[in-house]
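Engineer: Would you mind keeping the following structure in view while I ask a few things?
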Amino acid sequence: MGSSHGATRITRLAVGEGHEYVPIVKRSHQLWRELESEANTELMQTTGGIIISAPAADSLRFHGRNGFFERTVDAARRAGIEHEMLDADEIERRFPAFLLAGDERAYYEPEAGLLRPEACVAAQLQLALRHGAVLRYDDPVRALRSGPGGVQVQTDTTTIDAGQAVLAAGAYLPGLLGGVQWPRRLAVQRQVLHWFATDRPDLYRSGVLPVFIRLHGGEGDQCYGFPMADEHPGVKIASEQTALTTTPQDVDRDVGSEESHAMYRLHIAGRLRGLRDELVHATTCLYTSTADGRFVVDRHPELEHVMLVSACSGHGFKHSAGLGEAVAASLLGQTAGFDLSPFRLSAQAWAAA
């Protein structure tokens, strides 16, 4: 009922949201493969990934950062990530699902691909149990406070005393920290994922179509999509909206037909071959975003034994394995593996507001 679902999630090594994320996603890719081996299940599929930009979209704001396309290319060059730059003719030749105007360019990354979020979470829980973790379901957390051993967590059924707590509640974070001022600056946004019917499944199967992000105009003129790699007999495509906010309790989880028709008109018609304005499946997702799209990874400003790991601003799942490892190491007094200081509360654009 939060953010870790939707059948597929894009993962990419060159992260246009900021150079500081590149080491995290690189480590996450290693950990996803280790987790696959230990859980004996597929979690990550390497499909390649392409970001297509129209001239008007080169400076487009995406996930809170301006110039997403150029920042992605710069991140790849600085980190030595394998990639190619393609013109419109080469894009259409190699990936004929795309219909182009002729002036587009693209960044192509062969190591990009998709993650299966439900399978990832299930594997992590399975292995956590194997290693001695205790999992509690259907027992909501109602409060956190200082306790004799460090922190006290109050749920509907019990009180848990612990030395440390990690609060990774996503869209539920503002509600849990209602007495603290800064969570009010976190924006919880309803996003919609659509699967459209296709007359040309040959163009959209894995091995033919990479995961993609397409920037085709001004603010809000972007979408992303996947090859046909999940259980739904359609092509998954979505966009992002930042204008409207909600809460996990108030969000409308039903997707109206007009929402899908509008998605088709704005982002698919004339841009992708062989897709029909016919919905196969749809679902909603919640983003919890900061003003500049950064993560928050820091100590609670009032509870020193509580670590906050949220918000992830709509681009967190691919980083979650590496980020989780780093947070665990930090709590144990070990080296985190990469610098988490860019994600402190003091580093946020609204910290002094």
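How things are named: the first chain in the structure tokens is A, the next is B, and so on; residues count from 1 in each chain; ligands count from 1 in the order shown.
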Could you go through stretch 84-175 of chain A and tell me which residues DSSP, when run on the backbone, assigns to helix (DSSP H, G or I), listing them as a list in words?
Structural biologist: Ala88, Asp89, Glu90, Ile91, Glu92, Arg93, Arg94, Pro117, Glu118, Ala119, Cys120, Val121, Ala122, Ala123, Gln124, Leu125, Gln126, Leu127, Ala128, Leu129, Arg130, Gly170, Ala171, Tyr172, Leu173, Pro174 and Gly175 of chain A
Engineer: Could you go through stretch 56-289 of chain A and tell me which residues DSSP, when run on the backbone, assigns to strand (DSSP E or B), listing them as a ChimeraX atom specification?
Structural biologist: /A:62,65,84-87,98,105-109,113-115,141-147,150-155,159-162,165-167,187-198,205,211-215,222-225,228,235-238,272,275-289
Engineer: Per residue of stretch 164-282 of chain A within 6 Å of stretch 303-316 of chain A, which atom pair is closest and at what distance in Å (one decimal), using only C-alpha atoms, listed by chain and increasing number, as a Markdown table?
Structural biologist:
```
| residue | atom | partner | partner_atom | distance |
| --- | --- | --- | --- | --- |
| A:Gln164 | CA | A:His305 | CA | 5.0 |
| A:Ala165 | CA | A:Val306 | CA | 4.8 |
| A:Val166 | CA | A:Met307 | CA | 4.7 |
| A:Leu167 | CA | A:Leu308 | CA | 5.0 |
| A:Ala168 | CA | A:Val309 | CA | 4.9 |
| A:Gly170 | CA | A:Ser310 | CA | 5.6 |
```
Engineer: Any chance you can output those residues with N, CA and C atoms as a CSV table (one decimal), in the first residue's frame?
Structural biologist:
```
chain,number,residue,atom,x,y,z
A,164,GLN,N,18.7,0.8,18.8
A,164,GLN,CA,18.6,1.6,17.7
A,164,GLN,C,17.3,1.3,16.9
A,165,ALA,N,16.7,2.2,16.2
A,165,ALA,CA,15.6,2.0,15.3
A,165,ALA,C,15.9,2.7,13.9
A,166,VAL,N,15.5,2.0,12.9
A,166,VAL,CA,15.5,2.6,11.5
A,166,VAL,C,14.1,2.8,11.1
A,167,LEU,N,13.8,4.0,10.8
A,167,LEU,CA,12.4,4.4,10.3
A,167,LEU,C,12.4,4.6,8.8
A,168,ALA,N,11.9,3.6,8.1
A,168,ALA,CA,11.9,3.7,6.6
A,168,ALA,C,10.4,3.5,6.2
A,170,GLY,N,8.5,5.6,4.3
A,170,GLY,CA,8.0,6.2,3.1
A,170,GLY,C,6.9,7.2,3.3
```
Engineer: So the first atom is atom CA of A:Gly16 and the second is atom CA of A:Gly293; what is the distance between them in Å, to one decimal place?
Structural biologist: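 Atom-to-atom, atom CA of A:Gly16 to atom CA of A:Gly293, that is 11.0 Å.
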Engineer: I'd like the neighbourhood of stretch 183-186 of chain A as a count of residues only, where a residue qualifies if any of its atoms comes within 7 Å (using only C-alpha atoms), though same-chain residues fewer than 5 positions away should be ignored.
Structural biologist: 5
Engineer: Got a sec: who's within 7 Å of stretch 189-204 of chain A, counting only C-alpha atoms, leaving out chain neighbours fewer than 5 positions off, as a ChimeraX atom specification?
Structural biologist: /A:96-97,209,227-228,234-238,240-242,244-246,251,260,274-288
Engineer: Go ahead and save the residues from that selection, with N, CA and C atoms, as a tab-separated table (two decimals), in the first residue's frame.
Structural biologist:
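Produced file out21.tsv, reproduced below:
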```tsv
chain	number	residue	atom	x	y	z
A	96	PRO	N	12.76	-0.19	-32.87
A	96	PRO	CA	11.70	0.30	-33.75
A	96	PRO	C	10.37	0.57	-33.07
A	97	ALA	N	10.25	0.30	-31.78
A	97	ALA	CA	9.01	0.67	-31.09
A	97	ALA	C	8.86	2.19	-31.00
A	209	LEU	N	13.20	-4.48	-26.63
A	209	LEU	CA	13.02	-3.13	-26.08
A	209	LEU	C	13.75	-3.01	-24.75
A	227	PRO	N	9.94	-3.24	-21.23
A	227	PRO	CA	9.54	-4.34	-22.12
A	227	PRO	C	8.47	-5.19	-21.43
A	228	MET	N	7.85	-6.07	-22.17
A	228	MET	CA	6.82	-6.94	-21.61
A	228	MET	C	7.51	-8.03	-20.78
A	234	GLY	N	0.40	-6.65	-21.41
A	234	GLY	CA	0.44	-5.32	-21.98
A	234	GLY	C	1.80	-4.69	-21.73
A	235	VAL	N	1.95	-3.44	-22.15
A	235	VAL	CA	3.20	-2.71	-22.01
A	235	VAL	C	3.03	-1.68	-20.91
A	236	LYS	N	3.89	-1.75	-19.90
A	236	LYS	CA	3.79	-0.85	-18.75
A	236	LYS	C	4.47	0.48	-19.07
A	237	ILE	N	3.70	1.56	-18.92
A	237	ILE	CA	4.19	2.91	-19.15
A	237	ILE	C	3.59	3.82	-18.08
A	238	ALA	N	4.38	4.77	-17.62
A	238	ALA	CA	3.91	5.69	-16.59
A	238	ALA	C	4.57	7.04	-16.77
A	240	GLU	N	5.05	10.96	-14.32
A	240	GLU	CA	5.11	11.42	-12.94
A	240	GLU	C	4.43	12.77	-12.83
A	241	GLN	N	3.70	12.97	-11.75
A	241	GLN	CA	3.10	14.28	-11.50
A	241	GLN	C	3.61	14.79	-10.16
A	242	THR	N	3.82	16.08	-10.06
A	242	THR	CA	4.34	16.68	-8.84
A	242	THR	C	3.42	17.77	-8.30
A	244	LEU	N	0.06	17.59	-7.34
A	244	LEU	CA	-0.95	17.24	-6.35
A	244	LEU	C	-0.35	16.36	-5.27
A	245	THR	N	-0.71	16.63	-4.03
A	245	THR	CA	-0.24	15.84	-2.91
A	245	THR	C	-1.41	15.13	-2.24
A	246	THR	N	-1.07	14.11	-1.44
A	246	THR	CA	-2.10	13.31	-0.78
A	246	THR	C	-1.51	12.73	0.50
A	251	VAL	N	-5.47	8.78	-0.27
A	251	VAL	CA	-5.20	8.61	-1.70
A	251	VAL	C	-6.30	7.79	-2.38
A	260	SER	N	-6.20	7.06	-17.90
A	260	SER	CA	-5.44	6.25	-18.85
A	260	SER	C	-5.55	6.80	-20.27
A	274	GLY	N	2.32	0.60	-32.36
A	274	GLY	CA	1.60	-0.63	-32.06
A	274	GLY	C	0.95	-0.70	-30.70
A	275	LEU	N	0.82	0.43	-29.99
A	275	LEU	CA	0.08	0.44	-28.74
A	275	LEU	C	-1.30	1.02	-28.97
A	276	ARG	N	-2.30	0.41	-28.35
A	276	ARG	CA	-3.67	0.86	-28.48
A	276	ARG	C	-4.11	1.62	-27.23
A	277	ASP	N	-5.07	2.50	-27.41
A	277	ASP	CA	-5.66	3.21	-26.28
A	277	ASP	C	-6.65	2.28	-25.57
A	278	GLU	N	-6.09	1.19	-25.09
A	278	GLU	CA	-6.87	0.13	-24.44
A	278	GLU	C	-6.10	-0.35	-23.22
A	279	LEU	N	-6.68	-0.12	-22.06
A	279	LEU	CA	-5.99	-0.43	-20.82
A	279	LEU	C	-6.12	-1.91	-20.48
A	280	VAL	N	-4.99	-2.53	-20.13
A	280	VAL	CA	-4.97	-3.92	-19.68
A	280	VAL	C	-4.97	-3.99	-18.16
A	281	HIS	N	-4.24	-3.07	-17.53
A	281	HIS	CA	-4.12	-3.09	-16.07
A	281	HIS	C	-3.65	-1.70	-15.64
A	282	ALA	N	-3.97	-1.33	-14.40
A	282	ALA	CA	-3.48	-0.07	-13.84
A	282	ALA	C	-3.43	-0.19	-12.34
A	283	THR	N	-2.52	0.56	-11.73
A	283	THR	CA	-2.44	0.60	-10.28
A	283	THR	C	-1.82	1.93	-9.88
A	284	THR	N	-1.90	2.24	-8.60
A	284	THR	CA	-1.32	3.49	-8.10
A	284	THR	C	-0.10	3.21	-7.24
A	285	CYS	N	0.71	4.24	-7.08
A	285	CYS	CA	1.94	4.17	-6.29
A	285	CYS	C	2.10	5.50	-5.57
A	286	LEU	N	2.82	5.51	-4.47
A	286	LEU	CA	3.05	6.74	-3.72
A	286	LEU	C	4.53	7.11	-3.77
A	287	TYR	N	4.80	8.34	-4.17
A	287	TYR	CA	6.13	8.91	-4.04
A	287	TYR	C	6.14	9.80	-2.79
A	288	THR	N	7.24	9.84	-2.10
A	288	THR	CA	7.43	10.78	-1.00
A	288	THR	C	8.69	11.55	-1.32
```
Engineer: Residues within 9 Å of stretch 332-348 of chain A, please, as a list in words. Count only C-alpha atoms; anything in the same chain fewer than 2 positions from it doesn't count.
Structural biologist: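 Listed by chain and then number, they are Glu20, Pro23, Ile24, Trp182, Thr290, Ala291, Asp292, Arg294, Phe295, Val296, Val297, Asp298, Arg299, Pro301, Gly322, Leu323, Glu325, Ala326, Val327, Ala328, Ala329, Ser330, Trp350, Ala351 and Ala352 of chain A.
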Engineer: I need the chosen residues saved as a tab-separated table (two decimals), in the first residue's frame, with N, CA, C and O atoms.
Structural biologist:
```tsv
chain	number	residue	atom	x	y	z
A	20	GLU	N	26.34	11.48	-6.42
A	20	GLU	CA	26.45	10.80	-5.13
A	20	GLU	C	25.70	9.48	-5.09
A	20	GLU	O	25.96	8.62	-4.23
A	23	PRO	N	27.71	5.34	-6.64
A	23	PRO	CA	28.29	4.22	-5.87
A	23	PRO	C	27.23	3.35	-5.19
A	23	PRO	O	27.43	2.14	-5.03
A	24	ILE	N	26.10	3.96	-4.81
A	24	ILE	CA	25.06	3.19	-4.13
A	24	ILE	C	24.41	2.20	-5.09
A	24	ILE	O	24.21	1.03	-4.76
A	182	TRP	N	9.88	19.45	10.14
A	182	TRP	CA	10.36	19.25	8.76
A	182	TRP	C	9.55	18.26	7.93
A	182	TRP	O	9.48	18.42	6.71
A	290	THR	N	11.32	15.12	-1.51
A	290	THR	CA	11.84	16.39	-1.02
A	290	THR	C	11.83	17.39	-2.17
A	290	THR	O	11.62	17.04	-3.33
A	291	ALA	N	12.08	18.65	-1.85
A	291	ALA	CA	11.99	19.71	-2.85
A	291	ALA	C	12.98	19.53	-3.98
A	291	ALA	O	12.70	19.86	-5.14
A	292	ASP	N	14.18	19.01	-3.67
A	292	ASP	CA	15.20	18.84	-4.71
A	292	ASP	C	15.38	17.38	-5.11
A	292	ASP	O	16.35	17.04	-5.79
A	294	ARG	N	16.21	14.82	-3.36
A	294	ARG	CA	17.22	14.05	-2.63
A	294	ARG	C	16.57	13.08	-1.65
A	294	ARG	O	15.43	13.25	-1.23
A	295	PHE	N	17.36	12.08	-1.26
A	295	PHE	CA	16.96	11.19	-0.18
A	295	PHE	C	17.13	11.92	1.15
A	295	PHE	O	17.81	12.95	1.24
A	296	VAL	N	16.52	11.37	2.19
A	296	VAL	CA	16.81	11.76	3.57
A	296	VAL	C	17.35	10.52	4.28
A	296	VAL	O	16.65	9.51	4.39
A	297	VAL	N	18.60	10.59	4.72
A	297	VAL	CA	19.22	9.52	5.51
A	297	VAL	C	19.98	10.22	6.62
A	297	VAL	O	21.07	10.76	6.42
A	298	ASP	N	19.39	10.24	7.83
A	298	ASP	CA	19.98	11.02	8.91
A	298	ASP	C	19.37	10.61	10.24
A	298	ASP	O	18.33	9.93	10.28
A	299	ARG	N	20.01	11.04	11.31
A	299	ARG	CA	19.44	10.84	12.63
A	299	ARG	C	18.20	11.70	12.79
A	299	ARG	O	18.11	12.81	12.27
A	301	PRO	N	15.93	14.35	14.29
A	301	PRO	CA	16.39	15.57	14.94
A	301	PRO	C	16.11	15.64	16.43
A	301	PRO	O	16.72	16.46	17.13
A	322	GLY	N	21.96	-1.42	-1.55
A	322	GLY	CA	23.20	-0.77	-1.11
A	322	GLY	C	22.97	0.21	0.02
A	322	GLY	O	23.79	0.31	0.94
A	323	LEU	N	21.86	0.93	-0.04
A	323	LEU	CA	21.56	1.89	1.01
A	323	LEU	C	21.30	1.17	2.33
A	323	LEU	O	21.76	1.60	3.40
A	325	GLU	N	22.50	-1.72	3.29
A	325	GLU	CA	23.78	-2.19	3.81
A	325	GLU	C	24.55	-1.06	4.48
A	325	GLU	O	25.13	-1.24	5.56
A	326	ALA	N	24.55	0.12	3.85
A	326	ALA	CA	25.29	1.26	4.40
A	326	ALA	C	24.70	1.73	5.72
A	326	ALA	O	25.43	2.07	6.66
A	327	VAL	N	23.37	1.75	5.80
A	327	VAL	CA	22.72	2.18	7.04
A	327	VAL	C	23.02	1.19	8.16
A	327	VAL	O	23.34	1.58	9.29
A	328	ALA	N	22.94	-0.10	7.86
A	328	ALA	CA	23.25	-1.11	8.88
A	328	ALA	C	24.69	-0.97	9.37
A	328	ALA	O	24.96	-1.03	10.58
A	329	ALA	N	25.63	-0.76	8.44
A	329	ALA	CA	27.03	-0.59	8.83
A	329	ALA	C	27.20	0.64	9.71
A	329	ALA	O	27.92	0.61	10.72
A	330	SER	N	26.53	1.72	9.34
A	330	SER	CA	26.64	2.95	10.12
A	330	SER	C	26.14	2.75	11.54
A	330	SER	O	26.78	3.21	12.51
A	350	TRP	N	15.40	22.76	1.64
A	350	TRP	CA	14.48	23.50	2.52
A	350	TRP	C	14.95	23.53	3.96
A	350	TRP	O	14.22	23.98	4.83
A	351	ALA	N	16.18	23.07	4.24
A	351	ALA	CA	16.61	22.90	5.64
A	351	ALA	C	16.56	24.21	6.42
A	351	ALA	O	16.23	24.23	7.60
A	352	ALA	N	16.90	25.32	5.75
A	352	ALA	CA	16.94	26.60	6.46
A	352	ALA	C	15.62	27.37	6.35
A	352	ALA	O	15.50	28.47	6.88
```
Engineer: So what do you get for atom CA of A:Ile50 versus atom CA of A:His267, distance-wise?
Structural biologist: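 It comes out at 16.2 Å.
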